[in-house]
>>> print(open('entry01.cif').read())   # mmCIF, C-alpha atoms, pLDDT in the B column; chains and numbers go by the auth columns
data_data
#
loop_
_atom_site.group_PDB
_atom_site.id
_atom_site.type_symbol
_atom_site.label_atom_id
_atom_site.label_comp_id
_atom_site.label_asym_id
_atom_site.label_seq_id
_atom_site.Cartn_x
_atom_site.Cartn_y
_atom_site.Cartn_z
_atom_site.B_iso_or_equiv
_atom_site.auth_seq_id
_atom_site.auth_asym_id
ATOM 1 C CA MET A 1 163.952 76.086 20.659 72.00 1 A
ATOM 2 C CA ALA A 2 162.691 72.544 20.876 81.00 2 A
ATOM 3 C CA TYR A 3 163.293 68.959 19.893 84.00 3 A
ATOM 4 C CA GLU A 4 161.043 66.053 18.964 80.00 4 A
ATOM 5 C CA ILE A 5 161.511 62.300 19.137 77.00 5 A
ATOM 6 C CA LEU A 6 160.309 60.738 15.873 72.00 6 A
ATOM 7 C CA ASP A 7 158.836 57.251 15.565 67.00 7 A
ATOM 8 C CA HIS A 8 160.984 54.705 13.769 60.00 8 A
ATOM 9 C CA VAL A 9 160.569 50.942 13.435 61.00 9 A
ATOM 10 C CA ALA A 10 163.719 49.794 15.283 66.00 10 A
ATOM 11 C CA ASP A 11 165.535 52.987 16.178 85.00 11 A
ATOM 12 C CA ALA A 12 164.576 56.576 17.037 87.00 12 A
ATOM 13 C CA GLY A 13 164.586 59.806 15.114 91.00 13 A
ATOM 14 C CA VAL A 14 165.542 63.144 16.595 96.00 14 A
ATOM 15 C CA ARG A 15 164.528 66.508 15.175 97.00 15 A
ATOM 16 C CA GLY A 16 166.062 69.733 16.406 98.00 16 A
ATOM 17 C CA ILE A 17 163.895 72.812 15.849 98.00 17 A
ATOM 18 C CA GLY A 18 165.130 76.373 16.185 98.00 18 A
ATOM 19 C CA GLU A 19 164.907 79.950 15.034 98.00 19 A
ATOM 20 C CA THR A 20 168.333 79.450 13.424 98.00 20 A
ATOM 21 C CA ARG A 21 170.260 76.527 11.944 98.00 21 A
ATOM 22 C CA ASP A 22 172.635 76.720 14.919 98.00 22 A
ATOM 23 C CA GLU A 23 169.742 76.305 17.366 98.00 23 A
ATOM 24 C CA ALA A 24 168.349 73.376 15.374 98.00 24 A
ATOM 25 C CA PHE A 25 171.717 71.560 15.518 98.00 25 A
ATOM 26 C CA ALA A 26 171.940 72.203 19.273 98.00 26 A
ATOM 27 C CA GLU A 27 168.389 70.939 19.804 98.00 27 A
ATOM 28 C CA ALA A 28 169.064 67.791 17.779 98.00 28 A
ATOM 29 C CA ALA A 29 171.904 67.028 20.190 98.00 29 A
ATOM 30 C CA ARG A 30 169.677 67.755 23.171 98.00 30 A
ATOM 31 C CA GLY A 31 167.029 65.430 21.759 97.00 31 A
ATOM 32 C CA MET A 32 169.576 62.658 21.267 98.00 32 A
ATOM 33 C CA PHE A 33 170.830 62.947 24.848 98.00 33 A
ATOM 34 C CA ALA A 34 167.236 63.120 26.132 97.00 34 A
ATOM 35 C CA LEU A 35 166.849 59.563 24.818 97.00 35 A
ATOM 36 C CA MET A 36 169.770 58.517 27.036 97.00 36 A
ATOM 37 C CA ALA A 37 168.886 60.331 30.269 97.00 37 A
ATOM 38 C CA ASP A 38 166.485 62.749 31.931 96.00 38 A
ATOM 39 C CA LEU A 39 168.351 65.974 31.138 97.00 39 A
ATOM 40 C CA ALA A 40 166.845 67.752 34.151 96.00 40 A
ATOM 41 C CA HIS A 41 169.251 65.662 36.261 96.00 41 A
ATOM 42 C CA VAL A 42 172.378 66.232 34.125 98.00 42 A
ATOM 43 C CA ARG A 43 174.449 69.153 35.399 97.00 43 A
ATOM 44 C CA ALA A 44 176.341 71.326 32.916 97.00 44 A
ATOM 45 C CA GLU A 45 179.635 71.212 34.824 97.00 45 A
ATOM 46 C CA MET A 46 182.252 70.246 32.233 97.00 46 A
ATOM 47 C CA GLU A 47 182.725 71.763 28.781 98.00 47 A
ATOM 48 C CA VAL A 48 183.787 69.849 25.683 98.00 48 A
ATOM 49 C CA LYS A 49 184.558 71.546 22.363 98.00 49 A
ATOM 50 C CA ILE A 50 183.750 69.906 19.032 98.00 50 A
ATOM 51 C CA VAL A 51 184.939 70.994 15.590 98.00 51 A
ATOM 52 C CA ALA A 52 183.729 69.215 12.472 98.00 52 A
ATOM 53 C CA ARG A 53 183.945 69.805 8.726 98.00 53 A
ATOM 54 C CA GLU A 54 181.836 68.136 6.056 98.00 54 A
ATOM 55 C CA ASP A 55 180.798 68.617 2.438 97.00 55 A
ATOM 56 C CA SER A 56 177.083 68.885 3.276 98.00 56 A
ATOM 57 C CA LEU A 57 174.920 70.160 6.108 98.00 57 A
ATOM 58 C CA GLU A 58 173.445 66.685 6.467 98.00 58 A
ATOM 59 C CA GLY A 59 176.908 65.185 6.835 98.00 59 A
ATOM 60 C CA LEU A 60 177.780 67.894 9.337 98.00 60 A
ATOM 61 C CA LEU A 61 174.765 67.032 11.504 98.00 61 A
ATOM 62 C CA VAL A 62 175.693 63.333 11.553 98.00 62 A
ATOM 63 C CA ALA A 63 179.332 64.234 12.329 98.00 63 A
ATOM 64 C CA TRP A 64 178.290 66.580 15.184 98.00 64 A
ATOM 65 C CA LEU A 65 176.085 63.975 16.820 98.00 65 A
ATOM 66 C CA GLY A 66 178.703 61.272 16.228 98.00 66 A
ATOM 67 C CA GLU A 67 181.427 63.334 17.897 98.00 67 A
ATOM 68 C CA LEU A 68 179.188 63.907 20.916 98.00 68 A
ATOM 69 C CA LEU A 69 178.625 60.156 21.183 98.00 69 A
ATOM 70 C CA ARG A 70 182.381 59.598 20.941 98.00 70 A
ATOM 71 C CA GLU A 71 182.907 62.022 23.825 98.00 71 A
ATOM 72 C CA ARG A 72 180.249 60.155 25.809 98.00 72 A
ATOM 73 C CA ASP A 73 182.025 56.858 25.197 97.00 73 A
ATOM 74 C CA VAL A 74 185.615 58.050 25.714 97.00 74 A
ATOM 75 C CA ARG A 75 185.028 60.362 28.688 97.00 75 A
ATOM 76 C CA GLY A 76 181.914 58.753 30.158 97.00 76 A
ATOM 77 C CA LEU A 77 179.923 61.997 29.975 98.00 77 A
ATOM 78 C CA LEU A 78 176.288 62.912 29.542 98.00 78 A
ATOM 79 C CA PHE A 79 175.541 66.351 28.088 98.00 79 A
ATOM 80 C CA SER A 80 172.576 68.616 28.748 98.00 80 A
ATOM 81 C CA ARG A 81 173.536 71.979 27.226 98.00 81 A
ATOM 82 C CA PHE A 82 174.774 72.704 23.703 98.00 82 A
ATOM 83 C CA GLU A 83 175.924 75.679 21.622 98.00 83 A
ATOM 84 C CA VAL A 84 176.670 75.436 17.927 98.00 84 A
ATOM 85 C CA ARG A 85 177.951 77.715 15.189 98.00 85 A
ATOM 86 C CA VAL A 86 177.641 76.442 11.606 98.00 86 A
ATOM 87 C CA GLU A 87 179.382 78.337 8.826 98.00 87 A
ATOM 88 C CA GLY A 88 179.900 77.757 5.150 96.00 88 A
ATOM 89 C CA GLU A 89 183.483 77.522 4.005 95.00 89 A
ATOM 90 C CA GLU A 90 185.169 76.794 0.712 94.00 90 A
ATOM 91 C CA GLY A 91 184.133 73.322 -0.348 92.00 91 A
ATOM 92 C CA GLY A 92 181.681 72.665 2.471 97.00 92 A
ATOM 93 C CA TRP A 93 180.637 73.454 6.006 98.00 93 A
ATOM 94 C CA ARG A 94 182.303 73.914 9.384 98.00 94 A
ATOM 95 C CA LEU A 95 180.796 73.414 12.831 98.00 95 A
ATOM 96 C CA ALA A 96 182.235 74.758 16.072 98.00 96 A
ATOM 97 C CA GLY A 97 180.249 73.428 18.988 98.00 97 A
ATOM 98 C CA ARG A 98 180.372 73.221 22.732 98.00 98 A
ATOM 99 C CA ALA A 99 178.621 70.781 25.026 98.00 99 A
ATOM 100 C CA TRP A 100 178.350 70.888 28.791 98.00 100 A
ATOM 101 C CA GLY A 101 177.670 67.921 31.001 98.00 101 A
ATOM 102 C CA GLU A 102 179.009 65.668 33.691 98.00 102 A
ATOM 103 C CA PRO A 103 180.212 62.093 34.224 98.00 103 A
ATOM 104 C CA ILE A 104 177.517 59.444 33.970 97.00 104 A
ATOM 105 C CA ALA A 105 176.210 58.588 37.444 96.00 105 A
ATOM 106 C CA PRO A 106 173.632 55.760 37.177 92.00 106 A
ATOM 107 C CA GLU A 107 172.668 56.193 40.830 93.00 107 A
ATOM 108 C CA ARG A 108 171.598 59.810 40.182 92.00 108 A
ATOM 109 C CA HIS A 109 170.791 60.062 36.475 94.00 109 A
ATOM 110 C CA ARG A 110 167.563 58.615 35.180 91.00 110 A
ATOM 111 C CA LEU A 111 169.063 56.638 32.321 95.00 111 A
ATOM 112 C CA GLY A 112 167.140 55.791 29.170 95.00 112 A
ATOM 113 C CA VAL A 113 168.249 53.915 26.071 94.00 113 A
ATOM 114 C CA GLU A 114 171.782 53.689 24.732 94.00 114 A
ATOM 115 C CA VAL A 115 172.302 55.529 21.465 97.00 115 A
ATOM 116 C CA LYS A 116 174.984 53.759 19.440 96.00 116 A
ATOM 117 C CA ALA A 117 175.303 56.073 16.433 97.00 117 A
ATOM 118 C CA ALA A 118 173.798 58.889 14.400 97.00 118 A
ATOM 119 C CA THR A 119 172.889 57.707 10.907 96.00 119 A
ATOM 120 C CA TYR A 120 172.159 59.157 7.493 96.00 120 A
ATOM 121 C CA CYS A 121 168.706 57.558 7.561 91.00 121 A
ATOM 122 C CA GLY A 122 166.087 60.289 7.368 92.00 122 A
ATOM 123 C CA VAL A 123 168.738 62.993 7.648 97.00 123 A
ATOM 124 C CA GLN A 124 167.422 66.442 6.800 98.00 124 A
ATOM 125 C CA VAL A 125 168.649 69.972 7.446 98.00 125 A
ATOM 126 C CA GLY A 126 166.556 72.867 6.223 97.00 126 A
ATOM 127 C CA GLU A 127 163.586 75.097 6.878 97.00 127 A
ATOM 128 C CA GLU A 128 160.039 74.018 7.531 94.00 128 A
ATOM 129 C CA HIS A 129 157.144 76.381 8.270 94.00 129 A
ATOM 130 C CA GLY A 130 159.528 79.265 8.974 95.00 130 A
ATOM 131 C CA ARG A 131 161.665 77.297 11.441 97.00 131 A
ATOM 132 C CA HIS A 132 165.004 75.566 10.993 98.00 132 A
ATOM 133 C CA ILE A 133 165.139 71.810 11.462 98.00 133 A
ATOM 134 C CA ALA A 134 167.978 69.316 11.792 98.00 134 A
ATOM 135 C CA GLN A 135 166.981 65.673 11.993 97.00 135 A
ATOM 136 C CA CYS A 136 168.199 62.116 11.595 96.00 136 A
ATOM 137 C CA VAL A 137 167.627 58.604 12.873 94.00 137 A
ATOM 138 C CA VAL A 138 169.864 57.377 15.663 96.00 138 A
ATOM 139 C CA ASP A 139 170.776 53.719 16.074 93.00 139 A
ATOM 140 C CA LEU A 140 169.702 52.250 19.423 90.00 140 A
#
>>> encode(input="entry01.cif", output="structure tokens")
Amino acid sequence: MAYEILDHVADAGVRGIGETRDEAFAEAARGMFALMADLAHVRAEMEVKIVAREDSLEGLLVAWLGELLRERDVRGLLFSRFEVRVEGEEGGWRLAGRAWGEPIAPERHRLGVEVKAATYCGVQVGEEHGRHIAQCVVDL
């Protein structure tokens, strides 16, 4: 599993890469949070569950990342560990995810940039060179 930060003129792109679609979604989230903090210093102490439903896989990725950002804003949490299960259902897709993290502690966490939102710009979910990818641009 891995993630990449993609160059973008004013914002940043994140690309989750995995052996499965689930891993790619989890890695996209990890990449997004790696923009916000050094994840090596974020303890996986608290668990948050996320459920999302969308018509498309691309919409599901944006919803997943958006819900994680909402949890960051509402609960003041940074996340460093993610698990995702994506399944097709009648009329679309369903995601059941879990994220582990801890409250933001500026004195201990090495903070990066603030991610405001996940966007549909450059959104892509699919396979590339035998690996699954999940990517989009995030608004900084």
>>> resolve_selection(input="entry01.cif", expression="the PyMOL selection byres ((chain A and resi 29) around 8)", output="VMD selection string")
chain A and resid 16 25 to 28 30 to 33 65 68 82
>>> closest_residue(input="entry01.cif", among="A:Ala63, A:Ala24, A:Leu111, A:Leu77", to="His41 in chain A", atoms="all atoms listed in the file")
A:Leu111
>>> atom_distance(input="entry01.cif", atom1="CA of Gly91 in chain A", atom2="CA of Gly66 in chain A")
21.2 Å
>>> resolve_selection(input="entry01.cif", expression="the PyMOL selection byres ((chain A and resi 49-55) around 8)", output="list in words")
Glu47, Val48, Ser56, Leu57, Gly59, Leu60, Ala63, Trp64, Glu67, Leu68, Gly91, Gly92, Trp93, Arg94, Leu95, Ala96, Gly97, Arg98 and Ala99 of chain A
>>> closest_residue(input="entry01.cif", among="A:His132, A:Arg75, A:Arg43, A:Arg70", to="Ala118 in chain A", atoms="only C-alpha atoms")
A:Arg70
>>> resolve_selection(input="entry01.cif", expression="the PyMOL selection byres ((chain A and resi 36) around 7)", output="JSON, numbers by chain")
{"A": [33, 34, 35, 37, 111, 112, 113, 114, 115]}
>>> axis_aligned_box(input="entry01.cif", around="range 90-101 of chain A", padding_each_side="4 Å", output="AutoDock Vina command-line options")
--center_x 181.4 --center_y 72.4 --center_z 15.3 --size_x 15.5 --size_y 16.9 --size_z 39.3
>>> residues_near_point(input="entry01.cif", point="(163.7, 63.8, 10.7)", cutoff="9 Å", atoms="all atoms listed in the file", output="compact mmCIF listing (two decimals) with C-alpha atoms, keeping the file's coordinate frame")
# COMPACT_ATOMS: atom_id res chain seq x y z
CA GLU A 4 161.04 66.05 18.96
CA ILE A 5 161.51 62.30 19.14
CA LEU A 6 160.31 60.74 15.87
CA GLY A 13 164.59 59.81 15.11
CA VAL A 14 165.54 63.14 16.60
CA ARG A 15 164.53 66.51 15.18
CA GLY A 16 166.06 69.73 16.41
CA CYS A 121 168.71 57.56 7.56
CA GLY A 122 166.09 60.29 7.37
CA VAL A 123 168.74 62.99 7.65
CA GLN A 124 167.42 66.44 6.80
CA VAL A 125 168.65 69.97 7.45
CA ILE A 133 165.14 71.81 11.46
CA ALA A 134 167.98 69.32 11.79
CA GLN A 135 166.98 65.67 11.99
CA CYS A 136 168.20 62.12 11.60
CA VAL A 137 167.63 58.60 12.87
>>> closest_residue(input="entry01.cif", among="A:Met46, A:Leu78, A:Val86, A:Val138", to="Trp100 in chain A", atoms="all atoms listed in the file")
A:Met46
>>> atom_distance(input="entry01.cif", atom1="CA of Arg72 in chain A", atom2="CA of Gly88 in chain A")
27.1 Å
>>> atom_distance(input="entry01.cif", atom1="CA of Arg108 in chain A", atom2="CA of Asp38 in chain A")
10.1 Å
>>> closest_residue(input="entry01.cif", among="A:Val74, A:Met1, A:Ile104, A:Ala44", to="Asp22 in chain A", atoms="all atoms listed in the file")
A:Met1
>>> closest_residue(input="entry01.cif", among="A:Leu140, A:Leu39, A:Val84, A:Ala2", to="Thr119 in chain A", atoms="all atoms listed in the file")
A:Leu140
>>> decode(input="entry01.cif", residues="range 40-88 of chain A", atoms="N, CA and C atoms", output="tab-separated table (two decimals), in the first residue's frame")
chain	number	residue	atom	x	y	z
A	40	ALA	N	3.63	9.96	11.54
A	40	ALA	CA	4.43	9.18	12.49
A	40	ALA	C	4.20	9.66	13.93
A	41	HIS	N	3.68	10.87	14.08
A	41	HIS	CA	3.44	11.44	15.41
A	41	HIS	C	1.97	11.43	15.81
A	42	VAL	N	1.11	10.85	14.97
A	42	VAL	CA	-0.33	10.79	15.26
A	42	VAL	C	-0.68	9.39	15.74
A	43	ARG	N	-1.05	9.30	17.01
A	43	ARG	CA	-1.39	7.99	17.60
A	43	ARG	C	-2.80	7.56	17.21
A	44	ALA	N	-2.96	6.29	16.98
A	44	ALA	CA	-4.26	5.71	16.60
A	44	ALA	C	-5.00	5.29	17.87
A	45	GLU	N	-5.47	6.27	18.63
A	45	GLU	CA	-6.08	6.00	19.94
A	45	GLU	C	-7.60	5.95	19.91
A	46	MET	N	-8.22	6.77	19.08
A	46	MET	CA	-9.68	6.85	19.04
A	46	MET	C	-10.17	6.38	17.68
A	47	GLU	N	-11.27	5.65	17.68
A	47	GLU	CA	-11.85	5.14	16.44
A	47	GLU	C	-13.10	5.92	16.07
A	48	VAL	N	-13.22	6.24	14.78
A	48	VAL	CA	-14.41	6.88	14.24
A	48	VAL	C	-14.88	6.02	13.08
A	49	LYS	N	-16.19	5.79	13.01
A	49	LYS	CA	-16.77	5.00	11.91
A	49	LYS	C	-17.45	5.94	10.93
A	50	ILE	N	-17.26	5.64	9.65
A	50	ILE	CA	-17.84	6.43	8.56
A	50	ILE	C	-18.62	5.49	7.65
A	51	VAL	N	-19.84	5.88	7.31
A	51	VAL	CA	-20.63	5.16	6.31
A	51	VAL	C	-21.05	6.17	5.26
A	52	ALA	N	-20.86	5.83	4.01
A	52	ALA	CA	-21.25	6.72	2.92
A	52	ALA	C	-21.85	5.91	1.79
A	53	ARG	N	-22.76	6.53	1.06
A	53	ARG	CA	-23.38	5.91	-0.12
A	53	ARG	C	-23.38	6.94	-1.24
A	54	GLU	N	-23.02	6.50	-2.43
A	54	GLU	CA	-23.00	7.38	-3.59
A	54	GLU	C	-23.33	6.58	-4.85
A	55	ASP	N	-23.66	7.29	-5.91
A	55	ASP	CA	-23.99	6.66	-7.18
A	55	ASP	C	-22.75	6.13	-7.91
A	56	SER	N	-21.60	6.76	-7.67
A	56	SER	CA	-20.38	6.38	-8.39
A	56	SER	C	-19.23	6.17	-7.41
A	57	LEU	N	-18.23	5.43	-7.86
A	57	LEU	CA	-17.04	5.24	-7.03
A	57	LEU	C	-16.31	6.56	-6.81
A	58	GLU	N	-16.29	7.40	-7.83
A	58	GLU	CA	-15.65	8.70	-7.70
A	58	GLU	C	-16.35	9.56	-6.65
A	59	GLY	N	-17.67	9.56	-6.68
A	59	GLY	CA	-18.43	10.28	-5.68
A	59	GLY	C	-18.22	9.71	-4.29
A	60	LEU	N	-18.06	8.40	-4.21
A	60	LEU	CA	-17.83	7.75	-2.93
A	60	LEU	C	-16.47	8.15	-2.35
A	61	LEU	N	-15.45	8.25	-3.19
A	61	LEU	CA	-14.14	8.68	-2.71
A	61	LEU	C	-14.22	10.10	-2.14
A	62	VAL	N	-14.84	11.01	-2.87
A	62	VAL	CA	-14.97	12.39	-2.41
A	62	VAL	C	-15.78	12.44	-1.11
A	63	ALA	N	-16.84	11.65	-1.02
A	63	ALA	CA	-17.65	11.61	0.21
A	63	ALA	C	-16.85	11.08	1.39
A	64	TRP	N	-16.08	10.02	1.19
A	64	TRP	CA	-15.24	9.42	2.24
A	64	TRP	C	-14.25	10.45	2.78
A	65	LEU	N	-13.53	11.09	1.88
A	65	LEU	CA	-12.55	12.08	2.32
A	65	LEU	C	-13.23	13.27	2.98
A	66	GLY	N	-14.38	13.67	2.43
A	66	GLY	CA	-15.13	14.79	3.02
A	66	GLY	C	-15.63	14.48	4.42
A	67	GLU	N	-16.09	13.26	4.64
A	67	GLU	CA	-16.55	12.88	5.98
A	67	GLU	C	-15.40	12.85	6.98
A	68	LEU	N	-14.23	12.42	6.53
A	68	LEU	CA	-13.06	12.44	7.42
A	68	LEU	C	-12.69	13.88	7.79
A	69	LEU	N	-12.78	14.79	6.84
A	69	LEU	CA	-12.50	16.19	7.13
A	69	LEU	C	-13.55	16.78	8.08
A	70	ARG	N	-14.79	16.35	7.92
A	70	ARG	CA	-15.84	16.80	8.85
A	70	ARG	C	-15.54	16.34	10.27
A	71	GLU	N	-15.11	15.09	10.39
A	71	GLU	CA	-14.75	14.57	11.72
A	71	GLU	C	-13.57	15.35	12.30
A	72	ARG	N	-12.61	15.69	11.45
A	72	ARG	CA	-11.48	16.50	11.91
A	72	ARG	C	-11.97	17.84	12.46
A	73	ASP	N	-12.88	18.47	11.72
A	73	ASP	CA	-13.36	19.79	12.12
A	73	ASP	C	-14.26	19.74	13.35
A	74	VAL	N	-15.17	18.78	13.40
A	74	VAL	CA	-16.14	18.69	14.50
A	74	VAL	C	-15.49	18.20	15.78
A	75	ARG	N	-14.65	17.16	15.67
A	75	ARG	CA	-14.05	16.55	16.87
A	75	ARG	C	-12.62	17.02	17.14
A	76	GLY	N	-12.03	17.74	16.21
A	76	GLY	CA	-10.65	18.19	16.40
A	76	GLY	C	-9.65	17.06	16.38
A	77	LEU	N	-9.85	16.09	15.46
A	77	LEU	CA	-9.00	14.91	15.40
A	77	LEU	C	-8.12	14.88	14.16
A	78	LEU	N	-6.95	14.30	14.31
A	78	LEU	CA	-6.11	13.90	13.19
A	78	LEU	C	-6.13	12.38	13.14
A	79	PHE	N	-6.13	11.82	11.93
A	79	PHE	CA	-6.17	10.37	11.77
A	79	PHE	C	-4.90	9.88	11.11
A	80	SER	N	-4.48	8.67	11.50
A	80	SER	CA	-3.26	8.10	10.93
A	80	SER	C	-3.45	6.66	10.43
A	81	ARG	N	-4.57	6.05	10.75
A	81	ARG	CA	-4.82	4.67	10.34
A	81	ARG	C	-6.24	4.57	9.80
A	82	PHE	N	-6.41	3.82	8.70
A	82	PHE	CA	-7.70	3.75	8.03
A	82	PHE	C	-7.98	2.34	7.54
A	83	GLU	N	-9.24	1.93	7.63
A	83	GLU	CA	-9.72	0.68	7.03
A	83	GLU	C	-11.00	0.99	6.29
A	84	VAL	N	-11.14	0.42	5.11
A	84	VAL	CA	-12.29	0.71	4.26
A	84	VAL	C	-12.82	-0.56	3.64
A	85	ARG	N	-14.13	-0.62	3.51
A	85	ARG	CA	-14.77	-1.70	2.74
A	85	ARG	C	-15.76	-1.04	1.78
A	86	VAL	N	-15.53	-1.22	0.49
A	86	VAL	CA	-16.39	-0.65	-0.55
A	86	VAL	C	-17.15	-1.79	-1.21
A	87	GLU	N	-18.46	-1.64	-1.29
A	87	GLU	CA	-19.30	-2.68	-1.90
A	87	GLU	C	-20.32	-2.05	-2.81
A	88	GLY	N	-20.59	-2.74	-3.92
A	88	GLY	CA	-21.66	-2.31	-4.79
A	88	GLY	C	-23.00	-2.66	-4.17
